[in-house]
>>> print(open('start-v7.txt').read())   # compact mmCIF, C-alpha atoms (C1' of nucleotides)
# COMPACT_ATOMS: atom_id res chain seq x y z
CA MET A 15 120.17 -11.08 77.83
CA ALA A 16 116.49 -10.53 77.14
CA ASP A 17 114.84 -12.88 74.72
CA THR A 18 113.92 -10.71 71.76
CA PHE A 19 113.54 -11.36 68.07
CA ILE A 20 117.02 -10.02 67.50
CA ASN A 21 119.09 -12.33 69.66
CA ASN A 22 116.79 -15.32 69.49
CA PRO A 23 117.02 -17.38 66.34
CA SER A 24 114.00 -16.04 64.50
CA PHE A 25 112.86 -19.35 63.17
CA PHE A 26 114.09 -21.61 65.95
CA LYS A 27 110.75 -21.70 67.71
CA LEU A 28 108.88 -22.08 64.43
CA ASP A 29 111.14 -24.95 63.52
CA ALA A 30 110.82 -26.66 66.89
CA THR A 31 107.03 -26.34 66.94
CA LEU A 32 106.66 -27.57 63.40
CA LYS A 33 108.93 -30.54 64.03
CA LYS A 34 107.01 -31.54 67.13
CA LEU A 35 103.71 -31.25 65.25
CA ARG A 36 105.03 -33.24 62.32
CA ASN A 37 106.43 -35.98 64.56
CA TYR A 38 103.19 -36.20 66.49
CA TRP A 39 101.16 -36.51 63.30
CA GLN A 40 103.50 -39.14 61.90
CA LYS A 41 103.50 -41.21 65.07
CA MET A 42 99.71 -41.08 65.19
CA PHE A 43 99.52 -42.15 61.55
CA ASP A 44 101.95 -45.00 62.22
CA SER A 45 100.25 -46.21 65.40
CA ARG A 46 96.91 -46.35 63.54
CA GLN A 47 98.49 -48.15 60.58
CA MET A 48 97.48 -45.36 58.21
CA ASP A 49 100.47 -46.20 56.01
CA ILE A 50 101.02 -42.62 54.91
CA THR A 51 103.47 -39.81 55.63
CA VAL A 52 102.49 -36.30 56.70
CA ASP A 53 103.40 -34.75 53.37
CA GLN A 54 101.71 -37.50 51.40
CA TRP A 55 98.61 -36.78 53.47
CA LEU A 56 98.78 -33.07 52.65
CA LEU A 57 98.75 -33.89 48.94
CA VAL A 58 95.90 -36.39 49.32
CA GLU A 59 93.89 -33.79 51.24
CA ASN A 60 94.55 -31.23 48.55
CA LEU A 61 93.60 -33.61 45.77
CA TYR A 62 90.39 -34.48 47.59
CA LYS A 63 89.46 -30.82 47.75
CA HIS A 64 90.39 -29.99 44.18
CA LYS A 65 89.41 -33.27 42.52
CA LYS A 66 91.61 -32.75 39.50
CA THR A 67 94.76 -30.69 39.43
CA THR A 68 98.33 -30.49 38.14
CA HIS A 69 101.78 -30.73 39.70
CA ASN A 70 102.19 -26.99 39.43
CA GLU A 71 98.93 -26.20 41.18
CA LEU A 72 99.72 -28.67 43.95
CA ALA A 73 103.09 -27.02 44.40
CA ARG A 74 101.46 -23.60 44.76
CA ASN A 75 98.73 -24.87 47.09
CA THR A 76 101.11 -26.64 49.42
CA SER A 77 104.17 -24.36 49.36
CA LYS A 78 106.24 -27.23 48.09
CA ASP A 79 108.83 -27.34 45.36
CA ILE A 80 107.58 -28.89 42.13
CA THR A 81 110.36 -31.47 42.24
CA THR A 82 109.18 -32.53 45.69
CA ILE A 83 105.60 -32.80 44.38
CA SER A 84 106.83 -34.91 41.49
CA ARG A 85 108.48 -37.39 43.85
CA ILE A 86 105.65 -37.57 46.39
CA ILE A 87 103.14 -38.10 43.58
CA GLU A 88 105.31 -40.92 42.26
CA LEU A 89 105.01 -42.63 45.66
CA LEU A 90 101.25 -42.05 45.80
CA VAL A 91 100.83 -43.50 42.31
CA LYS A 92 102.85 -46.56 43.34
CA LYS A 93 100.58 -46.92 46.38
CA GLY A 94 97.55 -46.76 44.08
CA LEU A 95 96.13 -43.64 45.74
CA VAL A 96 96.57 -41.27 42.81
CA LYS A 97 96.26 -41.65 39.07
CA ARG A 98 97.75 -39.53 36.31
CA GLU A 99 95.80 -38.45 33.24
CA ALA A 100 97.30 -36.68 30.26
CA ASP A 101 95.69 -33.46 29.07
CA THR A 102 94.25 -33.83 25.60
CA TYR A 103 95.01 -30.29 24.50
CA ASP A 104 98.35 -29.60 26.15
CA ARG A 105 100.55 -32.64 26.07
CA ARG A 106 102.93 -31.15 28.62
CA LYS A 107 100.23 -31.25 31.29
CA ILE A 108 99.29 -34.17 33.50
CA TYR A 109 96.14 -34.08 35.57
CA LEU A 110 96.27 -35.78 38.95
CA GLN A 111 93.32 -37.17 40.85
CA LEU A 112 92.60 -39.56 43.68
CA THR A 113 91.73 -43.15 42.80
CA PRO A 114 88.83 -44.78 44.72
CA ASP A 115 91.49 -46.14 47.10
CA GLY A 116 92.82 -42.61 47.45
CA THR A 117 89.38 -41.33 48.40
CA GLU A 118 89.05 -44.16 50.92
CA LYS A 119 92.39 -43.20 52.38
CA TYR A 120 91.26 -39.61 52.74
CA LYS A 121 88.13 -40.68 54.57
CA ALA A 122 90.06 -43.02 56.84
CA VAL A 123 92.66 -40.44 57.87
CA LYS A 124 90.47 -37.33 58.03
CA PRO A 125 88.89 -37.86 61.50
CA LEU A 126 92.30 -38.44 63.03
CA VAL A 127 93.60 -35.21 61.50
CA HIS A 128 90.58 -33.35 62.83
CA GLU A 129 91.32 -34.67 66.33
CA MET A 130 94.98 -33.73 66.10
CA ARG A 131 94.15 -30.19 65.08
CA LYS A 132 91.92 -29.85 68.11
CA THR A 133 94.65 -31.25 70.33
CA GLY A 134 97.25 -28.80 69.05
CA TRP A 135 94.95 -25.86 69.50
CA LYS A 136 93.62 -26.85 72.93
CA SER A 137 93.29 -23.89 75.35
CA LEU A 138 93.80 -21.41 72.54
CA THR A 139 91.07 -19.29 70.96
CA GLU A 140 90.07 -18.22 67.51
CA ALA A 141 91.49 -14.82 68.42
CA ASP A 142 94.83 -16.49 69.05
CA TYR A 143 94.54 -18.16 65.70
CA ALA A 144 93.92 -14.78 64.08
CA GLU A 145 96.96 -13.34 65.90
CA LEU A 146 99.20 -16.16 64.78
CA THR A 147 97.96 -15.77 61.24
CA ARG A 148 98.54 -12.04 61.27
CA ILE A 149 102.08 -12.32 62.62
CA LEU A 150 103.14 -15.15 60.34
CA ASP A 151 101.64 -13.43 57.30
CA THR A 152 103.51 -10.26 58.18
CA ILE A 153 106.80 -12.11 58.49
CA TYR A 154 106.08 -13.95 55.27
CA ASN A 155 105.47 -10.71 53.42
CA ASN A 156 108.50 -9.05 54.97
CA ILE A 157 110.83 -11.55 53.37
CA PRO A 158 112.15 -10.50 49.98
CA THR A 159 111.61 -13.06 47.25
CA LYS A 160 114.76 -11.96 45.47
CA VAL A 161 117.91 -11.30 47.44
CA MET B 23 83.98 -21.95 54.84
CA ALA B 24 85.60 -19.76 57.46
CA ASP B 25 89.32 -20.11 57.92
CA THR B 26 89.70 -21.54 61.42
CA PHE B 27 92.27 -23.74 63.05
CA ILE B 28 90.00 -26.75 62.46
CA ASN B 29 89.63 -26.68 58.72
CA ASN B 30 92.92 -25.01 57.94
CA PRO B 31 95.97 -27.25 57.99
CA SER B 32 97.35 -26.34 61.39
CA PHE B 33 100.93 -26.30 60.32
CA PHE B 34 100.55 -25.18 56.73
CA LYS B 35 101.24 -21.56 57.48
CA LEU B 36 104.06 -22.43 59.86
CA ASP B 37 105.59 -24.60 57.17
CA ALA B 38 105.22 -21.98 54.45
CA THR B 39 106.71 -19.21 56.60
CA LEU B 40 109.59 -21.34 57.75
CA LYS B 41 110.39 -22.43 54.21
CA LYS B 42 110.39 -18.88 52.94
CA LEU B 43 112.65 -17.78 55.83
CA ARG B 44 115.01 -20.67 55.27
CA ASN B 45 115.20 -20.06 51.52
CA TYR B 46 115.82 -16.37 52.07
CA TRP B 47 118.62 -17.07 54.52
CA GLN B 48 120.21 -19.62 52.22
CA LYS B 49 120.07 -17.34 49.18
CA MET B 50 121.64 -14.52 51.19
CA PHE B 51 124.38 -16.85 52.42
CA ASP B 52 125.01 -18.01 48.86
CA SER B 53 125.02 -14.55 47.31
CA ARG B 54 127.57 -13.40 49.92
CA GLN B 55 129.72 -16.51 49.36
CA MET B 56 129.36 -17.52 52.99
CA ASP B 57 129.76 -21.17 51.97
CA ILE B 58 127.49 -22.48 54.69
CA THR B 59 123.96 -23.88 54.97
CA VAL B 60 121.31 -22.58 57.34
CA ASP B 61 121.48 -25.59 59.62
CA GLN B 62 125.26 -25.60 59.62
CA TRP B 63 125.05 -21.96 60.68
CA LEU B 64 122.70 -22.81 63.55
CA LEU B 65 125.24 -25.30 64.90
CA VAL B 66 128.14 -22.88 64.47
CA GLU B 67 126.16 -20.21 66.33
CA ASN B 68 125.37 -22.64 69.11
CA LEU B 69 128.98 -23.77 69.38
CA TYR B 70 130.11 -20.15 69.54
CA LYS B 71 127.79 -19.51 72.46
CA HIS B 72 128.61 -22.69 74.35
CA LYS B 73 132.30 -22.97 73.46
CA LYS B 74 132.51 -26.68 74.20
CA THR B 75 129.63 -29.07 74.00
CA THR B 76 128.55 -32.56 72.93
CA HIS B 77 126.37 -33.98 70.15
CA ASN B 78 123.59 -34.62 72.64
CA GLU B 79 123.58 -31.08 74.00
CA LEU B 80 123.59 -29.64 70.49
CA ALA B 81 120.63 -31.84 69.62
CA ARG B 82 118.70 -30.56 72.63
CA ASN B 83 119.64 -26.93 72.01
CA THR B 84 118.65 -26.98 68.36
CA SER B 85 115.64 -29.35 68.36
CA LYS B 86 117.46 -31.58 65.95
CA ASP B 87 117.79 -35.34 65.89
CA ILE B 88 121.13 -36.60 67.16
CA THR B 89 121.72 -38.41 63.87
CA THR B 90 121.23 -35.15 62.03
CA ILE B 91 123.71 -33.46 64.38
CA SER B 92 126.20 -36.23 63.78
CA ARG B 93 126.05 -35.72 60.02
CA ILE B 94 126.13 -31.92 60.07
CA ILE B 95 129.11 -32.00 62.44
CA GLU B 96 130.87 -34.36 60.05
CA LEU B 97 130.47 -31.73 57.30
CA LEU B 98 131.67 -28.94 59.59
CA VAL B 99 134.73 -30.97 60.60
CA LYS B 100 135.51 -31.59 56.92
CA LYS B 101 135.22 -27.84 56.33
CA GLY B 102 137.66 -27.24 59.19
CA LEU B 103 135.17 -25.20 61.22
CA VAL B 104 134.77 -27.63 64.11
CA LYS B 105 137.10 -29.96 65.92
CA ARG B 106 136.34 -33.03 67.99
CA GLU B 107 138.01 -33.78 71.29
CA ALA B 108 137.60 -37.00 73.24
CA ASP B 109 136.61 -36.79 76.90
CA THR B 110 139.32 -38.12 79.18
CA TYR B 111 136.95 -39.54 81.77
CA ASP B 112 134.10 -40.86 79.64
CA ARG B 113 135.39 -42.38 76.47
CA ARG B 114 131.91 -42.42 74.92
CA LYS B 115 131.81 -38.64 74.89
CA ILE B 116 133.19 -36.32 72.27
CA TYR B 117 133.48 -32.62 72.92
CA LEU B 118 132.90 -30.30 69.99
CA GLN B 119 134.26 -26.81 69.59
CA LEU B 120 134.87 -24.23 66.90
CA THR B 121 138.31 -24.05 65.34
CA PRO B 122 139.81 -20.57 64.77
CA ASP B 123 138.37 -20.81 61.25
CA GLY B 124 135.01 -21.68 62.78
CA THR B 125 135.15 -18.58 64.99
CA GLU B 126 136.05 -16.50 61.93
CA LYS B 127 133.09 -17.95 60.09
CA TYR B 128 130.82 -17.04 62.97
CA LYS B 129 132.04 -13.45 62.93
CA ALA B 130 131.71 -13.20 59.17
CA VAL B 131 128.12 -14.46 59.06
CA LYS B 132 126.75 -12.92 62.25
CA PRO B 133 126.06 -9.35 60.95
CA LEU B 134 124.16 -10.75 57.98
CA VAL B 135 122.02 -12.87 60.30
CA HIS B 136 121.34 -9.85 62.46
CA GLU B 137 120.16 -7.92 59.40
CA MET B 138 117.94 -10.76 58.23
CA ARG B 139 116.27 -11.01 61.62
CA LYS B 140 115.47 -7.32 61.48
CA THR B 141 114.11 -7.71 57.96
CA GLY B 142 111.82 -10.57 58.94
CA TRP B 143 110.51 -8.73 61.95
CA LYS B 144 110.05 -5.37 60.20
CA SER B 145 106.81 -3.57 61.19
CA LEU B 146 106.23 -5.97 64.06
CA THR B 147 106.77 -5.16 67.72
CA GLU B 148 108.23 -6.86 70.74
CA ALA B 149 104.64 -7.38 71.88
CA ASP B 150 104.02 -9.31 68.68
CA TYR B 151 107.09 -11.34 69.39
CA ALA B 152 105.76 -12.14 72.85
CA GLU B 153 102.41 -13.14 71.35
CA LEU B 154 104.00 -15.41 68.80
CA THR B 155 106.13 -16.97 71.51
CA ARG B 156 103.13 -17.52 73.76
CA ILE B 157 101.02 -19.14 71.05
CA LEU B 158 103.77 -21.36 69.69
CA ASP B 159 104.79 -22.44 73.20
CA THR B 160 101.19 -23.32 73.96
CA ILE B 161 100.86 -25.41 70.84
CA TYR B 162 104.21 -27.02 71.57
CA ASN B 163 103.09 -27.99 75.05
CA ASN B 164 99.70 -29.19 73.84
CA ILE B 165 101.30 -31.87 71.72
CA PRO B 166 101.71 -35.21 73.49
CA THR B 167 105.23 -36.58 73.38
CA LYS B 168 103.96 -40.12 73.41
CA VAL B 169 101.01 -41.09 71.22
C1' DT C 22 107.22 -20.10 9.63
C1' DA C 23 111.58 -20.85 11.75
C1' DG C 24 113.75 -20.10 15.78
C1' DC C 25 113.56 -19.22 20.39
C1' DA C 26 111.51 -18.31 24.80
C1' DA C 27 108.38 -20.04 28.07
C1' DC C 28 106.25 -23.74 30.28
C1' DA C 29 105.29 -28.68 32.47
C1' DG C 30 107.43 -32.13 34.39
C1' DT C 31 111.53 -35.50 35.49
C1' DT C 32 116.14 -36.77 37.07
C1' DG C 33 120.74 -36.04 39.47
C1' DT C 34 122.91 -34.41 43.43
C1' DT C 35 123.47 -32.67 48.14
C1' DA C 36 121.47 -31.65 52.62
C1' DT C 37 118.25 -32.20 56.50
C1' DA C 38 114.84 -35.43 59.30
C1' DG C 39 114.05 -39.38 61.79
C1' DC C 40 113.58 -44.40 62.79
C1' DA C 41 116.06 -48.77 63.55
C1' DA C 42 120.00 -51.21 64.39
C1' DC C 43 124.63 -51.19 65.56
C1' DT C 44 129.39 -50.51 68.42
C1' DA C 45 131.54 -49.16 72.35
C1' DT C 46 131.57 -47.57 76.76
C1' DT C 47 129.64 -46.62 81.59
C1' DT C 48 126.30 -47.19 85.23
C1' DT C 49 123.00 -49.83 87.77
C1' DG C 50 121.03 -53.60 90.32
C1' DC C 51 121.26 -57.82 92.38
C1' DG D 23 131.65 -58.00 90.96
C1' DC D 24 129.07 -59.28 87.00
C1' DA D 25 125.17 -59.25 83.89
C1' DA D 26 121.81 -56.07 82.32
C1' DA D 27 120.45 -51.50 81.34
C1' DA D 28 121.54 -47.03 80.06
C1' DT D 29 124.23 -43.74 77.46
C1' DA D 30 127.06 -41.55 73.42
C1' DG D 31 127.59 -41.67 68.99
C1' DT D 32 127.57 -43.79 64.03
C1' DT D 33 125.58 -46.03 59.98
C1' DG D 34 121.75 -47.72 56.87
C1' DC D 35 117.59 -46.58 54.96
C1' DT D 36 113.61 -43.81 53.30
C1' DA D 37 111.43 -39.33 52.79
C1' DT D 38 111.32 -34.33 52.08
C1' DA D 39 113.72 -29.82 50.19
C1' DA D 40 115.79 -27.33 46.67
C1' DC D 41 118.94 -26.16 42.90
C1' DA D 42 120.64 -27.36 38.25
C1' DA D 43 120.21 -29.57 34.13
C1' DC D 44 117.49 -32.10 31.20
C1' DT D 45 113.33 -33.68 27.78
C1' DG D 46 109.44 -32.57 25.47
C1' DT D 47 105.69 -29.30 24.19
C1' DT D 48 103.57 -24.94 23.25
C1' DG D 49 103.46 -19.98 22.34
C1' DC D 50 105.59 -15.88 20.55
C1' DT D 51 107.71 -13.09 17.24
C1' DA D 52 110.89 -11.36 13.78
>>> encode(input="start-v7.txt", output="structure tokens")
Amino acid sequence: MADTFINNPSFFKLDATLKKLRNYWQKMFDSRQMDITVDQWLLVENLYKHKKTTHNELARNTSKDITTISRIIELLVKKGLVKREADTYDRRKIYLQLTPDGTEKYKAVKPLVHEMRKTGWKSLTEADYAELTRILDTIYNNIPTKV
Amino acid sequence: MADTFINNPSFFKLDATLKKLRNYWQKMFDSRQMDITVDQWLLVENLYKHKKTTHNELARNTSKDITTISRIIELLVKKGLVKREADTYDRRKIYLQLTPDGTEKYKAVKPLVHEMRKTGWKSLTEADYAELTRILDTIYNNIPTKV
DNA sequence: TAGCAACAGTTGTTATAGCAACTATTTTGC
DNA sequence: GCAAAATAGTTGCTATAACAACTGTTGCTA
């Protein structure tokens, strides 16, 4: 039978590619003693870019559940990479930002990440990137939020 | 800054799309009382197609870790959807196959899955599917297995 | 302004992901 | 033929994912 989007598990290839990427990143982090996981890195990168943010914003920016953010942040705080700061005006809110160690970590890991992105995209073009973006965005928007 | 594959998290969009797909599938399964998870479904589907297979083969076919397969199969056996059968010649091997209930489950869920694939792919063409496949395969093959 | 809804975040539970270490077999190499 | 290596699968552990239920705070409104 022909391999079409109907008979082929629609997210099987997505899943396989993502897993291989994630494993590659993690193994590279481990072999360079970066002492960080892929998802912890994603939060550190986001906190570096936004300087000061909340759990909710992080969740939106990273497509992660807020409970997942809560637990990853807990690990990052324990590692001394992130510090929490209560909002003066809204006592429900907690601002998160990198500590100096967190900023160091970002700078240590960043070049490796840059290299890995180039490796993954080797022999592909910016046009391919645009195609991938278009198709994934279309699928994303095709999916109902409510069932 | 322009959104290119270098500055944009290379798997962020993959991750976001896959999560939304997975959540959509799971919510549909739940709302139809299918009593199954997405990954359990993937194994059931694979077992339906291959009739009789081993943990190792399932792991290869689904891009899952063999430990993950082992645990999902344990749940499926408890649910009565899969049965284990020892190999007569190689006592390390265990063959897995759907029980009659497992086959029923496959037939009950299958039409829903078919619908969801159409929904996700709505307004996209087979050419788009080929493009997506080409790009993801290229990325997949770009990633070193050893670091 | 009292009561309630909405919001920010945490904790409990179950499932998937993957590494390391383990048991139990089978195959290989000398 | 026998020890070592390879193979099949399980178990322990830590991390991520997501739903439900919870605490505490703020905003809304009758």
>>> calpha_fit_and_write(input="start-v7.txt", fixed="chain B", moving="chain A", output="mmCIF file with C-alpha atoms, in the frame of the given file")
data_model
loop_
_atom_site.group_PDB
_atom_site.id
_atom_site.type_symbol
_atom_site.label_atom_id
_atom_site.label_comp_id
_atom_site.auth_asym_id
_atom_site.auth_seq_id
_atom_site.Cartn_x
_atom_site.Cartn_y
_atom_site.Cartn_z
ATOM 1 C CA MET A 15 84.030 -21.850 54.764
ATOM 2 C CA ALA A 16 85.653 -19.680 57.405
ATOM 3 C CA ASP A 17 89.359 -20.056 57.878
ATOM 4 C CA THR A 18 89.735 -21.512 61.350
ATOM 5 C CA PHE A 19 92.292 -23.750 62.975
ATOM 6 C CA ILE A 20 90.041 -26.717 62.375
ATOM 7 C CA ASN A 21 89.661 -26.639 58.615
ATOM 8 C CA ASN A 22 92.959 -24.970 57.844
ATOM 9 C CA PRO A 23 95.983 -27.222 57.909
ATOM 10 C CA SER A 24 97.331 -26.353 61.334
ATOM 11 C CA PHE A 25 100.938 -26.310 60.328
ATOM 12 C CA PHE A 26 100.580 -25.199 56.725
ATOM 13 C CA LYS A 27 101.244 -21.564 57.506
ATOM 14 C CA LEU A 28 104.066 -22.451 59.883
ATOM 15 C CA ASP A 29 105.598 -24.600 57.199
ATOM 16 C CA ALA A 30 105.237 -21.982 54.479
ATOM 17 C CA THR A 31 106.693 -19.214 56.644
ATOM 18 C CA LEU A 32 109.588 -21.333 57.789
ATOM 19 C CA LYS A 33 110.390 -22.426 54.249
ATOM 20 C CA LYS A 34 110.378 -18.862 52.986
ATOM 21 C CA LEU A 35 112.634 -17.776 55.856
ATOM 22 C CA ARG A 36 115.000 -20.669 55.291
ATOM 23 C CA ASN A 37 115.194 -20.033 51.543
ATOM 24 C CA TYR A 38 115.819 -16.349 52.097
ATOM 25 C CA TRP A 39 118.616 -17.060 54.559
ATOM 26 C CA GLN A 40 120.192 -19.614 52.247
ATOM 27 C CA LYS A 41 120.051 -17.351 49.216
ATOM 28 C CA MET A 42 121.609 -14.527 51.215
ATOM 29 C CA PHE A 43 124.358 -16.851 52.427
ATOM 30 C CA ASP A 44 124.980 -18.038 48.866
ATOM 31 C CA SER A 45 124.978 -14.570 47.304
ATOM 32 C CA ARG A 46 127.555 -13.424 49.889
ATOM 33 C CA GLN A 47 129.681 -16.534 49.334
ATOM 34 C CA MET A 48 129.342 -17.543 52.979
ATOM 35 C CA ASP A 49 129.739 -21.190 51.964
ATOM 36 C CA ILE A 50 127.463 -22.488 54.696
ATOM 37 C CA THR A 51 123.942 -23.880 54.986
ATOM 38 C CA VAL A 52 121.283 -22.573 57.364
ATOM 39 C CA ASP A 53 121.473 -25.586 59.646
ATOM 40 C CA GLN A 54 125.255 -25.607 59.636
ATOM 41 C CA TRP A 55 125.061 -21.965 60.691
ATOM 42 C CA LEU A 56 122.717 -22.800 63.568
ATOM 43 C CA LEU A 57 125.249 -25.299 64.904
ATOM 44 C CA VAL A 58 128.156 -22.873 64.476
ATOM 45 C CA GLU A 59 126.183 -20.199 66.332
ATOM 46 C CA ASN A 60 125.421 -22.630 69.113
ATOM 47 C CA LEU A 61 129.019 -23.759 69.384
ATOM 48 C CA TYR A 62 130.159 -20.147 69.531
ATOM 49 C CA LYS A 63 127.841 -19.508 72.447
ATOM 50 C CA HIS A 64 128.668 -22.672 74.347
ATOM 51 C CA LYS A 65 132.352 -22.973 73.446
ATOM 52 C CA LYS A 66 132.545 -26.666 74.193
ATOM 53 C CA THR A 67 129.662 -29.078 74.006
ATOM 54 C CA THR A 68 128.570 -32.561 72.942
ATOM 55 C CA HIS A 69 126.375 -33.978 70.191
ATOM 56 C CA ASN A 70 123.615 -34.609 72.684
ATOM 57 C CA GLU A 71 123.610 -31.075 74.033
ATOM 58 C CA LEU A 72 123.609 -29.643 70.519
ATOM 59 C CA ALA A 73 120.654 -31.841 69.672
ATOM 60 C CA ARG A 74 118.723 -30.548 72.685
ATOM 61 C CA ASN A 75 119.671 -26.916 72.049
ATOM 62 C CA THR A 76 118.671 -26.967 68.413
ATOM 63 C CA SER A 77 115.664 -29.316 68.418
ATOM 64 C CA LYS A 78 117.468 -31.576 66.016
ATOM 65 C CA ASP A 79 117.792 -35.326 65.980
ATOM 66 C CA ILE A 80 121.156 -36.581 67.205
ATOM 67 C CA THR A 81 121.714 -38.417 63.932
ATOM 68 C CA THR A 82 121.229 -35.146 62.065
ATOM 69 C CA ILE A 83 123.723 -33.443 64.407
ATOM 70 C CA SER A 84 126.196 -36.239 63.785
ATOM 71 C CA ARG A 85 126.026 -35.712 60.026
ATOM 72 C CA ILE A 86 126.120 -31.906 60.084
ATOM 73 C CA ILE A 87 129.097 -32.000 62.452
ATOM 74 C CA GLU A 88 130.846 -34.368 60.057
ATOM 75 C CA LEU A 89 130.460 -31.743 57.312
ATOM 76 C CA LEU A 90 131.667 -28.946 59.594
ATOM 77 C CA VAL A 91 134.719 -30.985 60.588
ATOM 78 C CA LYS A 92 135.492 -31.618 56.913
ATOM 79 C CA LYS A 93 135.204 -27.867 56.303
ATOM 80 C CA GLY A 94 137.651 -27.261 59.156
ATOM 81 C CA LEU A 95 135.169 -25.214 61.194
ATOM 82 C CA VAL A 96 134.769 -27.643 64.081
ATOM 83 C CA LYS A 97 137.123 -29.977 65.881
ATOM 84 C CA ARG A 98 136.342 -33.040 67.964
ATOM 85 C CA GLU A 99 138.031 -33.782 71.278
ATOM 86 C CA ALA A 100 137.613 -36.990 73.227
ATOM 87 C CA ASP A 101 136.622 -36.770 76.880
ATOM 88 C CA THR A 102 139.340 -38.100 79.137
ATOM 89 C CA TYR A 103 136.998 -39.548 81.732
ATOM 90 C CA ASP A 104 134.131 -40.860 79.631
ATOM 91 C CA ARG A 105 135.383 -42.388 76.440
ATOM 92 C CA ARG A 106 131.903 -42.418 74.931
ATOM 93 C CA LYS A 107 131.813 -38.620 74.911
ATOM 94 C CA ILE A 108 133.212 -36.302 72.271
ATOM 95 C CA TYR A 109 133.498 -32.599 72.920
ATOM 96 C CA LEU A 110 132.921 -30.300 69.968
ATOM 97 C CA GLN A 111 134.279 -26.800 69.583
ATOM 98 C CA LEU A 112 134.873 -24.236 66.878
ATOM 99 C CA THR A 113 138.328 -24.068 65.312
ATOM 100 C CA PRO A 114 139.827 -20.581 64.725
ATOM 101 C CA ASP A 115 138.377 -20.816 61.199
ATOM 102 C CA GLY A 116 135.032 -21.680 62.755
ATOM 103 C CA THR A 117 135.167 -18.585 64.940
ATOM 104 C CA GLU A 118 136.064 -16.499 61.888
ATOM 105 C CA LYS A 119 133.099 -17.953 60.069
ATOM 106 C CA TYR A 120 130.818 -17.029 62.940
ATOM 107 C CA LYS A 121 132.062 -13.460 62.903
ATOM 108 C CA ALA A 122 131.710 -13.203 59.140
ATOM 109 C CA VAL A 123 128.128 -14.481 59.037
ATOM 110 C CA LYS A 124 126.779 -12.908 62.231
ATOM 111 C CA PRO A 125 126.079 -9.354 60.926
ATOM 112 C CA LEU A 126 124.165 -10.749 57.978
ATOM 113 C CA VAL A 127 122.026 -12.873 60.297
ATOM 114 C CA HIS A 128 121.353 -9.843 62.470
ATOM 115 C CA GLU A 129 120.161 -7.919 59.401
ATOM 116 C CA MET A 130 117.943 -10.767 58.260
ATOM 117 C CA ARG A 131 116.278 -11.008 61.641
ATOM 118 C CA LYS A 132 115.469 -7.321 61.496
ATOM 119 C CA THR A 133 114.100 -7.716 57.987
ATOM 120 C CA GLY A 134 111.809 -10.578 58.968
ATOM 121 C CA TRP A 135 110.483 -8.719 61.955
ATOM 122 C CA LYS A 136 110.025 -5.356 60.225
ATOM 123 C CA SER A 137 106.771 -3.569 61.201
ATOM 124 C CA LEU A 138 106.198 -5.971 64.066
ATOM 125 C CA THR A 139 106.713 -5.165 67.744
ATOM 126 C CA GLU A 140 108.178 -6.856 70.751
ATOM 127 C CA ALA A 141 104.596 -7.395 71.885
ATOM 128 C CA ASP A 142 103.970 -9.315 68.682
ATOM 129 C CA TYR A 143 107.050 -11.343 69.387
ATOM 130 C CA ALA A 144 105.718 -12.143 72.853
ATOM 131 C CA GLU A 145 102.354 -13.151 71.338
ATOM 132 C CA LEU A 146 103.968 -15.432 68.805
ATOM 133 C CA THR A 147 106.081 -16.985 71.515
ATOM 134 C CA ARG A 148 103.096 -17.533 73.760
ATOM 135 C CA ILE A 149 100.998 -19.158 71.042
ATOM 136 C CA LEU A 150 103.754 -21.382 69.704
ATOM 137 C CA ASP A 151 104.760 -22.455 73.209
ATOM 138 C CA THR A 152 101.158 -23.331 73.968
ATOM 139 C CA ILE A 153 100.851 -25.428 70.829
ATOM 140 C CA TYR A 154 104.181 -27.049 71.574
ATOM 141 C CA ASN A 155 103.065 -28.008 75.056
ATOM 142 C CA ASN A 156 99.686 -29.204 73.834
ATOM 143 C CA ILE A 157 101.276 -31.893 71.718
ATOM 144 C CA PRO A 158 101.674 -35.224 73.474
ATOM 145 C CA THR A 159 105.191 -36.609 73.383
ATOM 146 C CA LYS A 160 103.891 -40.160 73.405
ATOM 147 C CA VAL A 161 100.966 -41.113 71.220
#
>>> residues_near_point(input="start-v7.txt", point="(110.0, -33.6, 51.3)", cutoff="6 Å", atoms="all atoms listed in the file", output="PyMOL selection string")
(chain A and resi 82) or (chain D and resi 38-39)
>>> residues_around(input="start-v7.txt", residues="Arg105 in chain A", least_positions_apart="4", cutoff="10 Å", atoms="all atoms listed in the file", output="CSV table (one decimal) with C-alpha atoms (C1' of nucleotides), in the coordinates of the input")
chain,number,residue,atom,x,y,z
A,100,ALA,CA,97.3,-36.7,30.3
A,101,ASP,CA,95.7,-33.5,29.1
C,29,DA,C1',105.3,-28.7,32.5
D,46,DG,C1',109.4,-32.6,25.5
D,47,DT,C1',105.7,-29.3,24.2
D,48,DT,C1',103.6,-24.9,23.2
>>> closest_residue(input="start-v7.txt", among="A:Lys65, A:Lys34, A:Lys132, A:Arg106", to="DC28 in chain C", atoms="all atoms listed in the file")
A:Arg106
>>> interface_residues(input="start-v7.txt", of="chain A", to="chain C", cutoff="12 Å", atoms="all atoms listed in the file", output="ChimeraX atom specification")
/A:29,33-34,36-37,40-41,44,68-71,80-85,87-88,100-101,104-109
>>> interface_residues(input="start-v7.txt", of="chain D", to="chain B", cutoff="10 Å", atoms="only C-alpha atoms (C1' of nucleotides)", output="ChimeraX atom specification")
/D:29-33,39-40
>>> atom_distance(input="start-v7.txt", atom1="CA of Tyr103 in chain A", atom2="CA of Gly116 in chain A")
26.1 Å
>>> atom_distance(input="start-v7.txt", atom1="CA of Tyr62 in chain A", atom2="CA of Val123 in chain A")
12.1 Å
>>> atom_distance(input="start-v7.txt", atom1="CA of Leu112 in chain A", atom2="CA of Val58 in chain A")
7.3 Å
